[in-house]
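Encoded as structure tokens, the structure appears first; notes follow it.
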Amino acid sequence: MYTFDSRVRYSEIDEYGKLTLTGVMNYLQDCSTFQSEDVGLGISYLKNRNEAWWLSSWQISVNRYPVYGEEIVIGTWPYDFKGFYGYRNFTIQSRTGEYLIKADSVWFLFDTEKGRPIKVRPEDIRGYGAGSEERLDMNYAPRKIEVPKDYQEAEPVIIGNHHIDTNHHVNNSKYVEIAREVLPSEMDVAELRVEYKKAAVFGDIVYPRVSRTEEGYIVSLCDDQEKAYAVVWLGGTAERM
């Protein structure tokens, strides 16, 4: 497992003093990129090879959101590689070892020059332990999210520079941030699933379609042809501290 320590900053919290859902995702994302940099497989290495690891799906389970000033330990490890895909777990724990967040993710290796996925080779995963670590004990959900036929349209969002990352498309957490903004602010999300369909870029317009379910909400973030960039499922109620 790769870990780094942090402390929840004021700039990362919501009006209740808790780490935001976007903040959770940023910590997880940072942890995996830190590991890649430290084993010599980071952004510059991949860019020179015209490659990138792109995210296919997230599943994030929240037991409790860390609060302002709380010391936390963020951890990650890849547990399997098959074909194009890499499978990676994440945790955020308190200093006493309490599991605050558990997460699973599916990634695929992409050739940015040829515009297609490529099979994972030994040199692509050296330093990661070749997926030798065990999978995290959590309730795994299907990667695919079924989108209801009934929905309500929310205000469109124009993609700006603040949405874009080093891959020149919308950062993974920003899709969730857009989806979260169209839901009730008082909702404490305990479970998040995201299925990424295609990349939105600067200037694109995202049309959120919101469906209410028994467990929570499904937000389909679509283009002007009604094709989804990402489908976001948010449900449950996390513990308040």
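Ligands are numbered from 1 in the order shown, residues from 1 within each chain, and chains are lettered A, B, ... in the order they appear in the structure tokens.
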Set out as CSV a contact list for stretch 114-166 of chain A and stretch 46-52 of chain A with a cut-off of 12 Å, giving each residue of stretch 114-166 of chain A that qualifies its closest atom pair and distance in Å to one decimal, counting only C-alpha atoms, ordered by chain and rising residue number.
```
residue,atom,partner,partner_atom,distance
A:Lys114,CA,A:Asn50,CA,8.6
A:Gly115,CA,A:Glu51,CA,9.6
A:Arg116,CA,A:Glu51,CA,9.8
A:Pro117,CA,A:Glu51,CA,9.2
A:Ile118,CA,A:Glu51,CA,8.9
A:Lys119,CA,A:Glu51,CA,11.3
A:Val120,CA,A:Glu51,CA,10.9
A:Glu123,CA,A:Leu46,CA,11.4
A:Asp124,CA,A:Leu46,CA,9.1
A:Ile125,CA,A:Leu46,CA,11.7
A:Thr166,CA,A:Lys47,CA,9.8
```
Contacts of A:Ala179 within 8 Å, only C-alpha atoms, excl. fewer than 6 positions in-chain, as a list in words: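 What passes the distance filter is Pro208, Val219, Leu221 and Val232 of chain A.
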Given only C-alpha atoms as the counted atoms, nearest of A:Leu183, A:Val176, A:Val39, A:Cys31 to A:Phe4: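 Of the candidates, the smallest distance to A:Phe4 is held by A:Cys31.
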Picked from stretch 40-153 of chain A by DSSP as alpha helix (DSSP H), as a ChimeraX atom specification: /A:43-48,122-125
Which of A:Glu37, A:Glu215, A:Asp204, A:Asp80 sits closest to A:Phe108 [using only C-alpha atoms]: A:Asp80
Selection: 12 Å around A:Gly160, only C-alpha atoms, excl. self and same-chain fewer than 5 positions, as a PyMOL selection string: chain A and resi 165+168-171+174+200-206
Prev. selection, N, CA, C and O atoms, output as a short mmCIF file (atom, residue, chain, number, x, y, z; two decimals), in the first residue's frame:
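Final file, out-v5.cif:
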```
data_model
loop_
_atom_site.label_atom_id
_atom_site.label_comp_id
_atom_site.auth_asym_id
_atom_site.auth_seq_id
_atom_site.Cartn_x
_atom_site.Cartn_y
_atom_site.Cartn_z
N ASP A 165 -8.03 19.24 -16.73
CA ASP A 165 -6.79 18.77 -16.11
C ASP A 165 -5.69 18.58 -17.15
O ASP A 165 -5.82 19.03 -18.29
N HIS A 168 -6.19 17.52 -20.69
CA HIS A 168 -6.92 18.48 -21.54
C HIS A 168 -8.40 18.14 -21.68
O HIS A 168 -9.04 18.52 -22.66
N HIS A 169 -8.92 17.42 -20.70
CA HIS A 169 -10.37 17.23 -20.65
C HIS A 169 -10.83 17.38 -19.20
O HIS A 169 -10.03 17.61 -18.30
N VAL A 170 -12.13 17.29 -19.00
CA VAL A 170 -12.69 17.52 -17.67
C VAL A 170 -12.15 16.51 -16.66
O VAL A 170 -12.16 15.30 -16.92
N ASN A 171 -11.67 17.02 -15.53
CA ASN A 171 -11.16 16.15 -14.49
C ASN A 171 -12.26 15.27 -13.92
O ASN A 171 -13.43 15.67 -13.84
N LYS A 174 -14.64 16.66 -11.35
CA LYS A 174 -15.48 17.78 -11.76
C LYS A 174 -16.84 17.33 -12.25
O LYS A 174 -17.84 18.04 -12.12
N ALA A 200 -15.38 15.21 -21.82
CA ALA A 200 -15.79 16.56 -22.19
C ALA A 200 -14.56 17.47 -22.16
O ALA A 200 -13.64 17.27 -21.36
N VAL A 201 -14.54 18.45 -23.04
CA VAL A 201 -13.40 19.36 -23.15
C VAL A 201 -13.88 20.80 -23.04
O VAL A 201 -15.08 21.09 -22.98
N PHE A 202 -12.91 21.72 -23.01
CA PHE A 202 -13.21 23.14 -22.86
C PHE A 202 -14.23 23.59 -23.91
O PHE A 202 -14.08 23.30 -25.10
N GLY A 203 -15.24 24.31 -23.46
CA GLY A 203 -16.25 24.85 -24.36
C GLY A 203 -17.45 23.97 -24.57
O GLY A 203 -18.48 24.43 -25.08
N ASP A 204 -17.35 22.68 -24.20
CA ASP A 204 -18.52 21.80 -24.32
C ASP A 204 -19.62 22.25 -23.36
O ASP A 204 -19.35 22.89 -22.33
N ILE A 205 -20.84 21.91 -23.69
CA ILE A 205 -21.97 22.19 -22.81
C ILE A 205 -22.50 20.87 -22.28
O ILE A 205 -22.77 19.94 -23.04
N VAL A 206 -22.61 20.78 -20.96
CA VAL A 206 -23.09 19.58 -20.29
C VAL A 206 -24.53 19.80 -19.84
O VAL A 206 -24.83 20.79 -19.18
#
```
Contact residues around stretch 136-138 of chain A with only C-alpha atoms at 12 Å, ignoring same-chain residues under 4 positions, as a CSV table (one decimal) with N, CA and C atoms, in the first residue's frame:
```csv
chain,number,residue,atom,x,y,z
A,1,MET,N,0.8,-1.2,0.0
A,1,MET,CA,0.0,0.0,0.0
A,1,MET,C,0.9,1.3,0.0
A,59,GLN,N,-16.3,3.7,-7.4
A,59,GLN,CA,-17.2,3.4,-6.4
A,59,GLN,C,-16.6,3.9,-5.1
A,60,ILE,N,-17.3,4.8,-4.4
A,60,ILE,CA,-16.7,5.4,-3.2
A,60,ILE,C,-17.8,5.2,-2.1
A,61,SER,N,-17.4,4.6,-1.0
A,61,SER,CA,-18.3,4.4,0.2
A,61,SER,C,-17.8,5.3,1.3
A,62,VAL,N,-18.7,6.1,1.9
A,62,VAL,CA,-18.4,7.0,3.0
A,62,VAL,C,-19.0,6.5,4.3
A,63,ASN,N,-18.1,6.2,5.2
A,63,ASN,CA,-18.6,5.9,6.6
A,63,ASN,C,-18.8,7.2,7.4
A,75,GLY,N,-4.6,6.1,1.5
A,75,GLY,CA,-3.8,5.0,1.0
A,75,GLY,C,-4.4,4.5,-0.3
A,76,THR,N,-3.6,3.8,-1.1
A,76,THR,CA,-4.0,3.2,-2.4
A,76,THR,C,-3.1,2.0,-2.8
A,77,TRP,N,-3.7,1.1,-3.6
A,77,TRP,CA,-2.9,0.0,-4.1
A,77,TRP,C,-3.7,-0.6,-5.3
A,78,PRO,N,-3.0,-0.9,-6.4
A,78,PRO,CA,-3.6,-1.7,-7.5
A,78,PRO,C,-3.6,-3.1,-7.1
A,79,TYR,N,-4.8,-3.8,-7.3
A,79,TYR,CA,-4.9,-5.2,-6.9
A,79,TYR,C,-5.0,-6.2,-8.1
A,80,ASP,N,-5.1,-5.6,-9.4
A,80,ASP,CA,-5.2,-6.5,-10.5
A,80,ASP,C,-5.0,-5.7,-11.8
A,87,TYR,N,-7.1,-2.2,-11.8
A,87,TYR,CA,-8.1,-2.1,-10.8
A,87,TYR,C,-7.4,-1.7,-9.5
A,88,ARG,N,-7.9,-0.6,-8.9
A,88,ARG,CA,-7.2,0.1,-7.8
A,88,ARG,C,-8.2,0.4,-6.6
A,89,ASN,N,-7.8,0.0,-5.4
A,89,ASN,CA,-8.5,0.4,-4.2
A,89,ASN,C,-7.9,1.6,-3.5
A,90,PHE,N,-8.7,2.3,-2.7
A,90,PHE,CA,-8.3,3.4,-2.0
A,90,PHE,C,-8.9,3.4,-0.6
A,91,THR,N,-8.3,4.0,0.4
A,91,THR,CA,-8.9,4.2,1.7
A,91,THR,C,-8.5,5.6,2.2
A,99,TYR,N,-11.7,3.4,9.4
A,99,TYR,CA,-11.9,3.6,8.0
A,99,TYR,C,-13.0,4.6,7.8
A,101,ILE,N,-13.3,6.3,4.6
A,101,ILE,CA,-13.7,6.1,3.2
A,101,ILE,C,-13.1,4.9,2.7
A,102,LYS,N,-13.8,4.1,1.9
A,102,LYS,CA,-13.3,3.0,1.1
A,102,LYS,C,-13.7,3.2,-0.3
A,103,ALA,N,-12.9,2.8,-1.3
A,103,ALA,CA,-13.2,3.1,-2.7
A,103,ALA,C,-12.6,2.0,-3.6
A,104,ASP,N,-13.2,1.8,-4.7
A,104,ASP,CA,-12.7,1.0,-5.8
A,104,ASP,C,-12.8,1.8,-7.1
A,105,SER,N,-11.9,1.4,-8.0
A,105,SER,CA,-11.8,2.2,-9.2
A,105,SER,C,-11.3,1.2,-10.3
A,191,GLU,N,-22.7,7.0,-0.6
A,191,GLU,CA,-22.3,6.1,-1.6
A,191,GLU,C,-22.3,6.8,-2.9
```
Strand (DSSP E) residues, from DSSP on the backbone, in stretch 24-127 of chain A, as a PyMOL selection string: chain A and resi 51-62+71-82+85-94+99-111+116-117
With a cut-off of 12 Å, could you pull out the residues of stretch 56-162 of chain A touching stretch 223-228 of chain A and give me the nearest pair of atoms for each, distance in Å to one decimal, using only C-alpha atoms, ordered by chain and ascending number, as JSON lines?
```
{"residue": "A:Ile145", "atom": "CA", "partner": "A:Ala228", "partner_atom": "CA", "distance": 11.7}
{"residue": "A:Val147", "atom": "CA", "partner": "A:Ala228", "partner_atom": "CA", "distance": 10.3}
{"residue": "A:Glu153", "atom": "CA", "partner": "A:Glu226", "partner_atom": "CA", "distance": 11.6}
{"residue": "A:Pro156", "atom": "CA", "partner": "A:Asp223", "partner_atom": "CA", "distance": 9.6}
{"residue": "A:Val157", "atom": "CA", "partner": "A:Asp223", "partner_atom": "CA", "distance": 10.3}
{"residue": "A:Ile158", "atom": "CA", "partner": "A:Asp223", "partner_atom": "CA", "distance": 10.7}
{"residue": "A:Ile159", "atom": "CA", "partner": "A:Asp223", "partner_atom": "CA", "distance": 11.3}
```
Nearby residues (only C-alpha atoms) at most 6 Å from A:Trp233, same-chain spacing under 5 positions excluded, as a list in words: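 Here the answer would be Leu192, Arg193, Tyr217 and Ile218 of chain A.
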At a cut-off of 8 Å, using only C-alpha atoms, what residues contact A:Gly216? Leave out same-chain residues fewer than 3 positions from it and give the result as a PDB file with N, CA, C and O atoms, in the first residue's frame.
```pdb
ATOM      1  N   ARG A 212     -34.724  10.610  -9.779  1.00  0.00           N
ATOM      2  CA  ARG A 212     -34.849  10.218  -8.378  1.00  0.00           C
ATOM      3  C   ARG A 212     -35.089   8.718  -8.304  1.00  0.00           C
ATOM      4  O   ARG A 212     -35.898   8.167  -9.055  1.00  0.00           O
ATOM      5  N   THR A 213     -34.378   8.039  -7.416  1.00  0.00           N
ATOM      6  CA  THR A 213     -34.573   6.611  -7.193  1.00  0.00           C
ATOM      7  C   THR A 213     -34.852   6.365  -5.719  1.00  0.00           C
ATOM      8  O   THR A 213     -34.744   7.289  -4.891  1.00  0.00           O
ATOM      9  N   TRP A 233     -24.156   8.168  -9.807  1.00  0.00           N
ATOM     10  CA  TRP A 233     -25.144   7.665  -8.853  1.00  0.00           C
ATOM     11  C   TRP A 233     -24.728   8.104  -7.451  1.00  0.00           C
ATOM     12  O   TRP A 233     -23.593   7.872  -7.030  1.00  0.00           O
ATOM     13  N   LEU A 234     -25.654   8.760  -6.746  1.00  0.00           N
ATOM     14  CA  LEU A 234     -25.367   9.244  -5.386  1.00  0.00           C
ATOM     15  C   LEU A 234     -26.486   8.802  -4.471  1.00  0.00           C
ATOM     16  O   LEU A 234     -27.675   9.016  -4.775  1.00  0.00           O
ATOM     17  N   GLY A 235     -26.122   8.197  -3.344  1.00  0.00           N
ATOM     18  CA  GLY A 235     -27.156   7.695  -2.449  1.00  0.00           C
ATOM     19  C   GLY A 235     -26.732   7.641  -1.003  1.00  0.00           C
ATOM     20  O   GLY A 235     -25.568   7.876  -0.661  1.00  0.00           O
ATOM     21  N   GLY A 236     -27.727   7.327  -0.157  1.00  0.00           N
ATOM     22  CA  GLY A 236     -27.448   7.092   1.256  1.00  0.00           C
ATOM     23  C   GLY A 236     -27.249   8.355   2.058  1.00  0.00           C
ATOM     24  O   GLY A 236     -27.311   9.472   1.559  1.00  0.00           O
TER      25      GLY A 236
END
```
For A:Thr96: contacts at 12 Å, only C-alpha atoms, fewer than 4 positions along chain excluded, given as a PyMOL selection string: chain A and resi 70-73+92+100
